[in-house]
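Coordinates as given in data_19.json (JSON, C-alpha atoms and all ligand atoms):
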[["chain", "number", "residue", "atom", "x", "y", "z"],
["A", 639, "MET", "CA", -2.04, 66.78, -3.58],
["A", 640, "ARG", "CA", -4.83, 67.65, -1.19],
["A", 641, "ILE", "CA", -4.54, 67.80, 2.59],
["A", 642, "LEU", "CA", -7.55, 68.10, 4.89],
["A", 643, "PHE", "CA", -6.90, 69.34, 8.42],
["A", 644, "ILE", "CA", -9.68, 69.08, 11.00],
["A", 645, "GLY", "CA", -9.60, 71.44, 13.97],
["A", 646, "ASP", "CA", -9.69, 70.37, 17.62],
["A", 647, "ILE", "CA", -12.30, 67.60, 17.91],
["A", 648, "PHE", "CA", -14.14, 68.34, 21.15],
["A", 649, "GLY", "CA", -15.90, 65.62, 23.17],
["A", 650, "ARG", "CA", -18.72, 63.39, 21.98],
["A", 651, "PRO", "CA", -20.41, 66.12, 19.85],
["A", 652, "GLY", "CA", -17.15, 66.62, 17.94],
["A", 653, "ARG", "CA", -16.61, 62.88, 17.52],
["A", 654, "ASN", "CA", -20.16, 62.43, 16.27],
["A", 655, "VAL", "CA", -19.91, 65.11, 13.56],
["A", 656, "VAL", "CA", -16.62, 63.59, 12.38],
["A", 657, "ARG", "CA", -18.14, 60.09, 12.37],
["A", 658, "GLU", "CA", -21.15, 61.35, 10.37],
["A", 659, "HIS", "CA", -19.40, 63.39, 7.70],
["A", 660, "LEU", "CA", -15.68, 62.70, 7.42],
["A", 661, "ARG", "CA", -15.79, 59.85, 4.90],
["A", 662, "ARG", "CA", -17.92, 61.88, 2.49],
["A", 663, "LEU", "CA", -15.73, 64.98, 2.98],
["A", 664, "LEU", "CA", -12.60, 62.98, 2.13],
["A", 665, "LYS", "CA", -14.20, 61.45, -0.95],
["A", 666, "GLU", "CA", -15.82, 64.62, -2.32],
["A", 667, "ASN", "CA", -12.57, 66.57, -2.03],
["A", 668, "ALA", "CA", -10.28, 63.73, -3.23],
["A", 669, "VAL", "CA", -8.19, 64.11, -0.08],
["A", 670, "ASP", "CA", -4.76, 62.41, -0.09],
["A", 671, "LEU", "CA", -3.80, 63.12, 3.52],
["A", 672, "CYS", "CA", -6.11, 63.75, 6.48],
["A", 673, "ILE", "CA", -4.82, 65.17, 9.75],
["A", 674, "ALA", "CA", -6.92, 65.98, 12.82],
["A", 675, "ASN", "CA", -6.21, 67.59, 16.18],
["A", 676, "GLY", "CA", -7.69, 65.23, 18.78],
["A", 677, "GLU", "CA", -6.48, 66.60, 22.11],
["A", 678, "ASN", "CA", -9.98, 67.38, 23.42],
["A", 679, "ALA", "CA", -11.75, 64.36, 21.92],
["A", 680, "ALA", "CA", -12.23, 62.47, 25.21],
["A", 681, "GLY", "CA", -14.90, 64.48, 27.07],
["A", 682, "GLY", "CA", -13.10, 67.73, 26.27],
["A", 683, "PHE", "CA", -9.90, 66.69, 28.04],
["A", 684, "GLY", "CA", -7.33, 64.51, 26.34],
["A", 685, "LEU", "CA", -7.46, 61.55, 24.00],
["A", 686, "THR", "CA", -7.68, 57.79, 24.54],
["A", 687, "PRO", "CA", -6.14, 55.08, 22.31],
["A", 688, "ALA", "CA", -9.63, 53.76, 21.48],
["A", 689, "ILE", "CA", -10.80, 57.18, 20.25],
["A", 690, "ALA", "CA", -7.58, 57.67, 18.28],
["A", 691, "GLU", "CA", -8.05, 54.34, 16.55],
["A", 692, "GLU", "CA", -11.67, 55.14, 15.73],
["A", 693, "PHE", "CA", -10.43, 58.31, 13.97],
["A", 694, "PHE", "CA", -7.92, 56.20, 12.03],
["A", 695, "ASP", "CA", -10.74, 53.85, 10.98],
["A", 696, "LEU", "CA", -12.75, 56.84, 9.73],
["A", 697, "GLY", "CA", -9.89, 57.95, 7.45],
["A", 698, "VAL", "CA", -7.67, 60.18, 9.58],
["A", 699, "ASP", "CA", -3.99, 59.45, 8.84],
["A", 700, "VAL", "CA", -2.26, 61.43, 11.61],
["A", 701, "ILE", "CA", -3.58, 62.88, 14.89],
["A", 702, "THR", "CA", -2.02, 65.93, 16.52],
["A", 703, "THR", "CA", -2.51, 67.15, 20.09],
["A", 704, "GLY", "CA", -1.35, 69.95, 22.39],
["A", 705, "ASN", "CA", -1.40, 70.93, 26.05],
["A", 706, "HIS", "CA", -4.13, 68.36, 26.90],
["A", 707, "VAL", "CA", -2.05, 65.44, 25.60],
["A", 708, "TRP", "CA", -1.28, 64.17, 29.11],
["A", 709, "ASP", "CA", -4.85, 64.32, 30.46],
["A", 710, "LYS", "CA", -5.51, 60.59, 29.92],
["A", 711, "ARG", "CA", -2.92, 58.27, 31.41],
["A", 712, "GLU", "CA", -3.74, 55.58, 28.79],
["A", 713, "LEU", "CA", -2.31, 57.79, 26.04],
["A", 714, "THR", "CA", 1.06, 58.01, 27.79],
["A", 715, "ASP", "CA", 1.05, 54.21, 28.13],
["A", 716, "TYR", "CA", 0.13, 53.97, 24.42],
["A", 717, "PHE", "CA", 3.14, 56.16, 23.53],
["A", 718, "ASN", "CA", 5.50, 54.18, 25.76],
["A", 719, "ALA", "CA", 4.34, 50.83, 24.36],
["A", 720, "ALA", "CA", 5.18, 52.02, 20.82],
["A", 721, "VAL", "CA", 8.78, 53.04, 21.50],
["A", 722, "ASN", "CA", 10.22, 50.08, 19.58],
["A", 723, "GLU", "CA", 7.19, 49.61, 17.31],
["A", 724, "PRO", "CA", 7.59, 51.90, 14.29],
["A", 725, "TYR", "CA", 4.40, 50.56, 12.66],
["A", 726, "SER", "CA", 2.19, 50.88, 15.72],
["A", 727, "PRO", "CA", -0.81, 53.21, 15.18],
["A", 728, "ALA", "CA", 0.40, 55.01, 18.32],
["A", 729, "ARG", "CA", 3.22, 56.46, 16.19],
["A", 730, "ARG", "CA", 0.61, 58.37, 14.20],
["A", 731, "VAL", "CA", -0.57, 60.17, 17.35],
["A", 732, "LEU", "CA", 1.74, 63.13, 17.97],
["A", 733, "ARG", "CA", 2.45, 65.28, 20.99],
["A", 734, "PRO", "CA", 4.06, 68.69, 20.52],
["A", 735, "ALA", "CA", 7.64, 68.16, 19.36],
["A", 736, "ASN", "CA", 9.02, 70.94, 21.57],
["A", 737, "TYR", "CA", 8.27, 69.23, 24.89],
["A", 738, "PRO", "CA", 11.58, 68.63, 26.68],
["A", 739, "ALA", "CA", 13.79, 65.70, 25.73],
["A", 740, "GLY", "CA", 12.71, 62.49, 27.45],
["A", 741, "THR", "CA", 8.97, 63.25, 27.29],
["A", 742, "PRO", "CA", 6.93, 60.20, 26.15],
["A", 743, "GLY", "CA", 5.80, 60.12, 22.52],
["A", 744, "VAL", "CA", 7.08, 61.88, 19.41],
["A", 745, "GLY", "CA", 6.22, 65.13, 17.68],
["A", 746, "VAL", "CA", 6.82, 64.17, 14.04],
["A", 747, "TYR", "CA", 5.37, 61.54, 11.74],
["A", 748, "GLU", "CA", 6.87, 60.79, 8.34],
["A", 749, "GLY", "CA", 4.73, 58.74, 5.99],
["A", 750, "THR", "CA", 3.76, 58.14, 2.38],
["A", 751, "THR", "CA", 0.35, 58.72, 0.78],
["A", 752, "LEU", "CA", -1.42, 55.98, -1.19],
["A", 753, "ALA", "CA", -0.15, 57.73, -4.33],
["A", 754, "GLY", "CA", 3.42, 57.39, -3.06],
["A", 755, "VAL", "CA", 4.12, 60.98, -1.97],
["A", 756, "ALA", "CA", 6.35, 61.32, 1.10],
["A", 757, "TYR", "CA", 5.10, 63.73, 3.74],
["A", 758, "ALA", "CA", 5.89, 64.86, 7.26],
["A", 759, "VAL", "CA", 3.49, 66.08, 9.94],
["A", 760, "ILE", "CA", 4.95, 68.12, 12.79],
["A", 761, "ASN", "CA", 3.13, 69.16, 15.96],
["A", 762, "LEU", "CA", 4.44, 72.20, 17.86],
["A", 763, "GLN", "CA", 3.12, 74.14, 20.84],
["A", 764, "GLY", "CA", 3.39, 77.84, 21.64],
["A", 765, "ARG", "CA", 4.92, 79.36, 24.78],
["A", 766, "VAL", "CA", 3.03, 82.66, 25.10],
["A", 767, "PHE", "CA", 0.39, 82.30, 27.87],
["A", 768, "MET", "CA", 1.20, 78.56, 27.95],
["A", 769, "ALA", "CA", 3.67, 76.20, 29.63],
["A", 770, "ASN", "CA", 7.30, 77.19, 29.24],
["A", 771, "ILE", "CA", 8.55, 74.40, 26.99],
["A", 772, "ASP", "CA", 11.32, 74.44, 24.35],
["A", 773, "ASP", "CA", 11.47, 77.11, 21.65],
["A", 774, "PRO", "CA", 9.11, 76.07, 18.81],
["A", 775, "PHE", "CA", 11.04, 78.18, 16.28],
["A", 776, "ARG", "CA", 14.39, 76.48, 16.93],
["A", 777, "VAL", "CA", 12.79, 73.04, 17.24],
["A", 778, "ALA", "CA", 11.12, 73.58, 13.85],
["A", 779, "ASP", "CA", 14.53, 74.46, 12.33],
["A", 780, "ARG", "CA", 16.02, 71.27, 13.74],
["A", 781, "LEU", "CA", 13.16, 69.04, 12.56],
["A", 782, "LEU", "CA", 13.07, 70.54, 9.08],
["A", 783, "ALA", "CA", 16.81, 69.95, 8.68],
["A", 784, "ALA", "CA", 16.22, 66.28, 9.47],
["A", 785, "THR", "CA", 13.33, 65.58, 7.07],
["A", 786, "SER", "CA", 13.63, 64.83, 3.37],
["A", 787, "ALA", "CA", 9.88, 65.14, 2.64],
["A", 788, "LYS", "CA", 8.80, 68.14, 0.57],
["A", 789, "VAL", "CA", 5.20, 68.05, 1.73],
["A", 790, "ILE", "CA", 5.32, 69.19, 5.35],
["A", 791, "PHE", "CA", 2.33, 70.06, 7.50],
["A", 792, "ILE", "CA", 2.61, 71.80, 10.87],
["A", 793, "ASP", "CA", -0.11, 72.03, 13.52],
["A", 794, "PHE", "CA", 0.96, 74.92, 15.77],
["A", 795, "HIS", "CA", -1.03, 74.60, 18.98],
["A", 796, "ALA", "CA", -0.79, 78.03, 20.54],
["A", 797, "GLU", "CA", -2.74, 80.73, 22.36],
["A", 798, "ALA", "CA", -1.36, 84.00, 21.01],
["A", 799, "THR", "CA", -2.14, 85.12, 17.46],
["A", 800, "SER", "CA", 1.20, 86.98, 17.38],
["A", 801, "GLU", "CA", 3.21, 83.85, 18.10],
["A", 802, "LYS", "CA", 1.26, 81.90, 15.48],
["A", 803, "VAL", "CA", 1.61, 84.40, 12.66],
["A", 804, "ALA", "CA", 5.28, 84.96, 13.55],
["A", 805, "LEU", "CA", 6.03, 81.24, 13.18],
["A", 806, "GLY", "CA", 4.06, 81.25, 9.92],
["A", 807, "TRP", "CA", 6.32, 83.98, 8.50],
["A", 808, "TYR", "CA", 9.43, 82.33, 9.93],
["A", 809, "LEU", "CA", 8.65, 79.06, 8.14],
["A", 810, "ASP", "CA", 7.18, 80.56, 4.95],
["A", 811, "GLY", "CA", 8.61, 78.68, 1.98],
["A", 812, "ARG", "CA", 9.96, 75.90, 4.17],
["A", 813, "VAL", "CA", 6.69, 74.07, 4.92],
["A", 814, "THR", "CA", 3.54, 73.35, 2.90],
["A", 815, "ALA", "CA", 1.17, 74.56, 5.60],
["A", 816, "LEU", "CA", 1.22, 75.94, 9.11],
["A", 817, "ILE", "CA", -2.22, 75.96, 10.70],
["A", 818, "GLY", "CA", -3.02, 77.04, 14.24],
["A", 819, "THR", "CA", -5.13, 75.17, 16.79],
["A", 820, "HIS", "CA", -5.99, 75.52, 20.52],
["A", 821, "THR", "CA", -8.11, 78.69, 20.66],
["A", 822, "HIS", "CA", -11.17, 76.86, 19.24],
["A", 823, "ILE", "CA", -12.32, 79.92, 17.27],
["A", 824, "PRO", "CA", -11.76, 79.87, 13.48],
["A", 825, "THR", "CA", -9.98, 82.92, 12.14],
["A", 826, "ALA", "CA", -10.71, 84.56, 8.77],
["A", 827, "ASP", "CA", -7.10, 84.89, 7.60],
["A", 828, "SER", "CA", -6.56, 81.76, 5.53],
["A", 829, "ARG", "CA", -4.03, 82.58, 2.81],
["A", 830, "VAL", "CA", -0.96, 81.32, 1.00],
["A", 831, "LEU", "CA", 2.06, 83.32, 2.16],
["A", 832, "PRO", "CA", 4.48, 84.61, -0.56],
["A", 833, "GLY", "CA", 6.94, 81.73, -0.15],
["A", 834, "GLY", "CA", 4.24, 79.11, -0.66],
["A", 835, "THR", "CA", 3.13, 78.22, 2.86],
["A", 836, "ALA", "CA", -0.61, 77.90, 3.47],
["A", 837, "TYR", "CA", -1.50, 79.64, 6.73],
["A", 838, "GLN", "CA", -4.45, 80.18, 9.06],
["A", 839, "THR", "CA", -4.08, 81.46, 12.61],
["A", 840, "ASP", "CA", -6.70, 79.04, 13.95],
["A", 841, "VAL", "CA", -8.71, 76.39, 12.12],
["A", 842, "GLY", "CA", -11.40, 76.42, 14.82],
["A", 843, "MET", "CA", -12.88, 73.69, 16.96],
["A", 844, "THR", "CA", -14.86, 70.71, 15.69],
["A", 845, "GLY", "CA", -17.48, 70.67, 18.38],
["A", 846, "PRO", "CA", -20.35, 72.60, 20.00],
["A", 847, "TYR", "CA", -20.28, 76.35, 19.37],
["A", 848, "GLU", "CA", -23.16, 77.16, 21.76],
["A", 849, "SER", "CA", -20.45, 77.06, 24.42],
["A", 850, "VAL", "CA", -17.32, 78.79, 25.63],
["A", 851, "ILE", "CA", -14.65, 77.03, 23.56],
["A", 852, "GLY", "CA", -16.56, 73.74, 23.91],
["A", 853, "VAL", "CA", -17.58, 73.89, 27.58],
["A", 854, "GLN", "CA", -21.16, 74.62, 28.75],
["A", 855, "LYS", "CA", -21.42, 78.39, 28.61],
["A", 856, "GLU", "CA", -23.20, 78.80, 31.99],
["A", 857, "GLN", "CA", -20.29, 77.08, 33.79],
["A", 858, "ILE", "CA", -17.69, 79.37, 32.25],
["A", 859, "VAL", "CA", -19.75, 82.52, 32.76],
["A", 860, "GLN", "CA", -20.05, 81.57, 36.47],
["A", 861, "ARG", "CA", -16.29, 81.09, 36.61],
["A", 862, "PHE", "CA", -15.77, 84.61, 35.26],
["A", 863, "LEU", "CA", -18.37, 86.05, 37.65],
["A", 864, "THR", "CA", -17.08, 84.38, 40.80],
["A", 865, "SER", "CA", -13.58, 82.94, 40.18],
["A", 866, "LEU", "CA", -14.79, 79.86, 42.11],
["A", 867, "PRO", "CA", -13.72, 76.44, 40.90],
["A", 868, "GLY", "CA", -16.50, 74.39, 39.34],
["A", 869, "ARG", "CA", -17.32, 71.63, 36.92],
["A", 870, "PHE", "CA", -16.45, 71.89, 33.23],
["A", 871, "GLU", "CA", -18.68, 69.76, 31.01],
["A", 872, "ALA", "CA", -18.88, 69.55, 27.24],
["A", 873, "ALA", "CA", -21.71, 71.50, 25.62],
["A", 874, "ASN", "CA", -23.96, 69.94, 22.97],
["A", 875, "ASN", "CA", -25.52, 72.51, 20.66],
["A", 876, "ASP", "CA", -24.58, 74.17, 17.37],
["A", 877, "VAL", "CA", -21.99, 71.57, 16.46],
["A", 878, "ARG", "CA", -19.67, 72.40, 13.55],
["A", 879, "LEU", "CA", -16.84, 70.60, 11.85],
["A", 880, "CYS", "CA", -14.12, 73.17, 11.19],
["A", 881, "SER", "CA", -11.38, 72.28, 8.73],
["A", 882, "VAL", "CA", -9.11, 73.57, 6.00],
["A", 883, "LEU", "CA", -8.34, 72.01, 2.65],
["A", 884, "VAL", "CA", -4.84, 72.72, 1.37],
["A", 885, "GLU", "CA", -3.88, 71.95, -2.19],
["A", 886, "CYS", "CA", -0.16, 71.74, -2.92],
["A", 887, "ASP", "CA", 2.40, 70.78, -5.52],
["A", 888, "GLU", "CA", 3.60, 67.33, -4.46],
["A", 889, "ILE", "CA", 7.04, 67.82, -6.08],
["A", 890, "THR", "CA", 7.97, 71.15, -4.49],
["A", 891, "GLY", "CA", 5.65, 70.98, -1.46],
["A", 892, "ARG", "CA", 4.48, 74.56, -2.14],
["A", 893, "ALA", "CA", 0.85, 75.29, -1.36],
["A", 894, "ARG", "CA", -1.41, 76.42, -4.21],
["A", 895, "SER", "CA", -4.53, 77.19, -2.23],
["A", 896, "ILE", "CA", -6.19, 77.00, 1.15],
["A", 897, "GLN", "CA", -9.92, 76.86, 1.67],
["A", 898, "ARG", "CA", -11.91, 76.82, 4.91],
["A", 899, "ILE", "CA", -14.54, 74.09, 5.07],
["A", 900, "VAL", "CA", -17.09, 74.44, 7.87],
["A", 901, "LEU", "CA", -19.93, 71.92, 8.11],
["A", 902, "ASN", "CA", -22.94, 72.00, 10.41],
["A", 903, "GLU", "CA", -24.39, 68.90, 12.06],
["A", 904, "ALA", "CA", -26.41, 68.12, 8.94],
["A", 905, "GLY", "CA", -23.20, 68.15, 6.91],
["A", 906, "GLN", "CA", -24.04, 71.35, 5.01],
["A", 907, "ASN", "CA", -21.50, 74.09, 4.43],
["A", 908, "GLU", "CA", -22.13, 76.59, 7.19],
["A", 909, "GLU", "CA", -19.86, 79.61, 7.21],
["A", 910, "SER", "CA", -22.47, 81.91, 8.75],
["A", 911, "TRP", "CA", -22.59, 82.16, 12.51],
["A", 912, "GLN", "CA", -25.91, 83.92, 13.00],
["A", 913, "GLY", "CA", -27.46, 81.36, 15.38],
["A", 914, "ALA", "CA", -31.07, 80.26, 15.75],
["A", 915, "HIS", "CA", -32.62, 83.74, 16.06],
["A", 916, "GLY", "CA", -30.92, 85.07, 12.96],
["A", 917, "LYS", "CA", -32.37, 82.44, 10.66],
["A", 1001, "FE", "FE", -5.20, 73.12, 23.65]]
Structure translated into structure tokens:
Amino acid sequence: MRILFIGDIFGRPGRNVVREHLRRLLKENAVDLCIANGENAAGGFGLTPAIAEEFFDLGVDVITTGNHVWDKRELTDYFNAAVNEPYSPARRVLRPANYPAGTPGVGVYEGTTLAGVAYAVINLQGRVFMANIDDPFRVADRLLAATSAKVIFIDFHAEATSEKVALGWYLDGRVTALIGTHTHIPTADSRVLPGGTAYQTDVGMTGPYESVIGVQKEQIVQRFLTSLPGRFEAANNDVRLCSVLVECDEITGRARSIQRIVLNEAGQNEESWQGAHGK
């Protein structure tokens, strides 16, 4: 079984590169399950129901989020309207599962692939340098005890590499893959841990890399120079689609391999980051 996970889709540039290339990527790699982090898809801040449903139409099965999940009020309404609607597409949009009890939305989706394989997708958020929510380690234990699926994918939306790799080791052998999001910079540590969990500290952003994590670089540089508040707008140049392809045994749920797939705007594999002057 093959799982494609697309890193944080950022603003219109990120949506465009997904719209252009996702269908082909899914077909060429015979993907059975496609998951995408969409928390920055609406102008860099949050996600709307209309954007979520466009991703579903393009072939995404489950959308994960993170700390920006509450930025657009419509998404909270979308979650609340689906409370008694188990087949609503809103149920396939997750918020981190370790937000406190009573928070709108859910952090787990359990489904079945077209080939009939049961799977679970879990969204968790870190606590180091982030909001002080529930313990992602203990919440993962509780959720894993409650799922019967063998194929389990976790998007761990967190800031600190230490917290991400620690949760990877903690869950090694208990989940198919644990992949990090949120920092918007892909890391070069994709590997299958000894127990059979595919791991990468951060999959990287799907969006404009001539930027500071998606935002126009001049605006962020000014913020560092002056500490004054200012506008944050999505950048436009050097757009990449950052993803990982995980292949696993559908009976045991153990990962066999993990491969980074990075596409440029033209849809070509682009793992070099030399920029215009290096070419
Ligand atoms: Fe985030």
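Omitting range 781-796 of chain A and its sequence neighbours fewer than 5 positions away, and counting only C-alpha atoms, the residues within 7 Å are Gly704, Ala756, Tyr757, Ala758, Val759, Ile760, Asn761, Leu762, Gln763, Gly764, Lys802, Val813, Thr814, Ala815, Leu816, Ile817, Gly818, Thr819, His820, Glu888, Ile889, Thr890 and Gly891 of chain A.
Taking all atoms listed in the file into account, Thr751 in chain A lies nearest to A:Arg640 out of the set A:Arg640, A:Arg829, A:His706, A:Arg869.
Take CA of Val777 in chain A and CA of Ser881 in chain A: the distance between them is 25.6 Å.
With distances restricted to all atoms listed in the file, A:Val744 is the closest residue to Thr714 in chain A from A:Val744, A:Leu883, A:Met768, A:Val859.
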Work out how far apart CA of Phe693 in chain A and CA of Gly754 in chain A are and give it in Å to one decimal. 22.0 Å
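Comparing A:Leu901, A:Ala798, A:Ala739, A:Ile896 by their smallest distance to ligand FE 1001 (chain A), the closest is A:Ala798 (using all atoms listed in the file).
Each of A:Ile644, A:Ala735, A:Ala728, A:Met843 was compared to ligand FE 1001 (chain A) using all atoms listed in the file, and A:Met843 turns out to be the nearest.
From CA of Ile823 in chain A back to CA of Arg776 in chain A, the distance works out to 26.9 Å.
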Taking only C-alpha atoms and all ligand atoms into account, name the residue in A:Ala680, A:Ala904, A:Val707, A:Ile858 that is nearest to ligand FE 1001 (chain A). A:Val707
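The shell of residues at most 6 Å from Asn736 in chain A, with only C-alpha atoms counted and near chain neighbours (fewer than 2 positions) removed, consists of Pro734, Asp772 and Pro774 of chain A.
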List the neighbours of Ser800 in chain A out to 12 Å using all atoms listed in the file; skip same-chain residues closer than 4 positions along the sequence, and give me the result as a list in words. Gly764, Arg765, Val766, Phe767, Ala796, Ala804, Leu805, Gly806, Trp807, Gly818, Thr839 and Asp840 of chain A
Per-axis box centre and lengths in Å around range 806-817 of chain A, 3 Å margin per side, axis-aligned, as lines of an AutoDock Vina configuration file:
center_x = 3.9
center_y = 78.7
center_z = 6.3
size_x = 18.2
size_y = 16.6
size_z = 14.7
Could you name the residues that touch Leu642 in chain A at 9 Å or less, counting all atoms listed in the file, but leaving out those on the same chain fewer than 5 positions away, as number ranges by chain? A: 663-664, 667, 669-674, 881-885
Residue neighbourhood Arg892 in chain A, 7 Å, only C-alpha atoms, exclusion window fewer than 5 positions, as a list of chain:residue names: A:Thr814, A:Gly834, A:Thr835, A:Cys886, A:Asp887
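For the set A:Thr750, A:Ser865, A:Ser849, A:Thr844, the residue with the smallest atom-to-atom gap to Gly652 in chain A is A:Thr844, counting only C-alpha atoms.
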Could you give me range 811-837 of chain A completed to N, CA and C atoms, formatted as a PDB file, in the coordinates of the input?
ATOM      1  N   GLY A 811       7.728  79.216   3.017  1.00  0.00           N
ATOM      2  CA  GLY A 811       8.610  78.680   1.980  1.00  0.00           C
ATOM      3  C   GLY A 811       9.334  77.419   2.397  1.00  0.00           C
ATOM      4  N   ARG A 812       9.277  77.108   3.684  1.00  0.00           N
ATOM      5  CA  ARG A 812       9.960  75.900   4.170  1.00  0.00           C
ATOM      6  C   ARG A 812       8.981  74.780   4.510  1.00  0.00           C
ATOM      7  N   VAL A 813       7.702  75.106   4.651  1.00  0.00           N
ATOM      8  CA  VAL A 813       6.690  74.070   4.920  1.00  0.00           C
ATOM      9  C   VAL A 813       5.479  74.325   4.010  1.00  0.00           C
ATOM     10  N   THR A 814       4.722  73.250   3.775  1.00  0.00           N
ATOM     11  CA  THR A 814       3.540  73.350   2.900  1.00  0.00           C
ATOM     12  C   THR A 814       2.434  74.144   3.592  1.00  0.00           C
ATOM     13  N   ALA A 815       2.240  73.878   4.867  1.00  0.00           N
ATOM     14  CA  ALA A 815       1.170  74.560   5.600  1.00  0.00           C
ATOM     15  C   ALA A 815       1.520  74.656   7.065  1.00  0.00           C
ATOM     16  N   LEU A 816       1.164  75.783   7.665  1.00  0.00           N
ATOM     17  CA  LEU A 816       1.220  75.940   9.110  1.00  0.00           C
ATOM     18  C   LEU A 816      -0.150  76.451   9.536  1.00  0.00           C
ATOM     19  N   ILE A 817      -0.859  75.621  10.294  1.00  0.00           N
ATOM     20  CA  ILE A 817      -2.220  75.960  10.700  1.00  0.00           C
ATOM     21  C   ILE A 817      -2.273  75.934  12.225  1.00  0.00           C
ATOM     22  N   GLY A 818      -2.921  76.943  12.797  1.00  0.00           N
ATOM     23  CA  GLY A 818      -3.020  77.040  14.240  1.00  0.00           C
ATOM     24  C   GLY A 818      -4.210  76.264  14.790  1.00  0.00           C
ATOM     25  N   THR A 819      -4.044  75.795  16.034  1.00  0.00           N
ATOM     26  CA  THR A 819      -5.130  75.170  16.790  1.00  0.00           C
ATOM     27  C   THR A 819      -5.055  75.728  18.221  1.00  0.00           C
ATOM     28  N   HIS A 820      -5.945  75.259  19.081  1.00  0.00           N
ATOM     29  CA  HIS A 820      -5.990  75.520  20.520  1.00  0.00           C
ATOM     30  C   HIS A 820      -7.013  76.574  20.927  1.00  0.00           C
ATOM     31  N   THR A 821      -7.190  77.665  20.159  1.00  0.00           N
ATOM     32  CA  THR A 821      -8.110  78.690  20.660  1.00  0.00           C
ATOM     33  C   THR A 821      -9.573  78.358  20.365  1.00  0.00           C
ATOM     34  N   HIS A 822      -9.824  77.376  19.497  1.00  0.00           N
ATOM     35  CA  HIS A 822     -11.170  76.860  19.240  1.00  0.00           C
ATOM     36  C   HIS A 822     -12.092  77.862  18.538  1.00  0.00           C
ATOM     37  N   ILE A 823     -11.535  78.929  18.000  1.00  0.00           N
ATOM     38  CA  ILE A 823     -12.320  79.920  17.270  1.00  0.00           C
ATOM     39  C   ILE A 823     -11.673  80.062  15.889  1.00  0.00           C
ATOM     40  N   PRO A 824     -12.402  79.761  14.800  1.00  0.00           N
ATOM     41  CA  PRO A 824     -11.760  79.870  13.480  1.00  0.00           C
ATOM     42  C   PRO A 824     -11.476  81.321  13.122  1.00  0.00           C
ATOM     43  N   THR A 825     -10.333  81.562  12.548  1.00  0.00           N
ATOM     44  CA  THR A 825      -9.980  82.920  12.140  1.00  0.00           C
ATOM     45  C   THR A 825     -10.159  83.069  10.628  1.00  0.00           C
ATOM     46  N   ALA A 826     -10.348  84.303  10.176  1.00  0.00           N
ATOM     47  CA  ALA A 826     -10.710  84.560   8.770  1.00  0.00           C
ATOM     48  C   ALA A 826      -9.505  84.970   7.942  1.00  0.00           C
ATOM     49  N   ASP A 827      -8.323  84.438   8.272  1.00  0.00           N
ATOM     50  CA  ASP A 827      -7.100  84.890   7.600  1.00  0.00           C
ATOM     51  C   ASP A 827      -6.421  83.783   6.808  1.00  0.00           C
ATOM     52  N   SER A 828      -7.198  82.822   6.312  1.00  0.00           N
ATOM     53  CA  SER A 828      -6.560  81.760   5.530  1.00  0.00           C
ATOM     54  C   SER A 828      -5.968  82.356   4.251  1.00  0.00           C
ATOM     55  N   ARG A 829      -4.732  82.025   3.973  1.00  0.00           N
ATOM     56  CA  ARG A 829      -4.030  82.580   2.810  1.00  0.00           C
ATOM     57  C   ARG A 829      -2.789  81.754   2.531  1.00  0.00           C
ATOM     58  N   VAL A 830      -2.261  81.921   1.306  1.00  0.00           N
ATOM     59  CA  VAL A 830      -0.960  81.320   1.000  1.00  0.00           C
ATOM     60  C   VAL A 830       0.062  82.445   1.085  1.00  0.00           C
ATOM     61  N   LEU A 831       1.022  82.300   1.981  1.00  0.00           N
ATOM     62  CA  LEU A 831       2.060  83.320   2.160  1.00  0.00           C
ATOM     63  C   LEU A 831       2.968  83.348   0.912  1.00  0.00           C
ATOM     64  N   PRO A 832       3.741  84.434   0.704  1.00  0.00           N
ATOM     65  CA  PRO A 832       4.480  84.610  -0.560  1.00  0.00           C
ATOM     66  C   PRO A 832       5.439  83.458  -0.895  1.00  0.00           C
ATOM     67  N   GLY A 833       6.000  82.819   0.115  1.00  0.00           N
ATOM     68  CA  GLY A 833       6.940  81.730  -0.150  1.00  0.00           C
ATOM     69  C   GLY A 833       6.275  80.400  -0.469  1.00  0.00           C
ATOM     70  N   GLY A 834       4.944  80.342  -0.309  1.00  0.00           N
ATOM     71  CA  GLY A 834       4.240  79.110  -0.660  1.00  0.00           C
ATOM     72  C   GLY A 834       3.769  78.283   0.511  1.00  0.00           C
ATOM     73  N   THR A 835       3.652  78.917   1.680  1.00  0.00           N
ATOM     74  CA  THR A 835       3.130  78.220   2.860  1.00  0.00           C
ATOM     75  C   THR A 835       1.683  78.623   3.103  1.00  0.00           C
ATOM     76  N   ALA A 836       0.789  77.619   3.139  1.00  0.00           N
ATOM     77  CA  ALA A 836      -0.610  77.900   3.470  1.00  0.00           C
ATOM     78  C   ALA A 836      -0.690  78.170   4.972  1.00  0.00           C
ATOM     79  N   TYR A 837      -1.480  79.184   5.332  1.00  0.00           N
ATOM     80  CA  TYR A 837      -1.500  79.640   6.730  1.00  0.00           C
ATOM     81  C   TYR A 837      -2.911  80.007   7.162  1.00  0.00           C
TER      82      TYR A 837
END
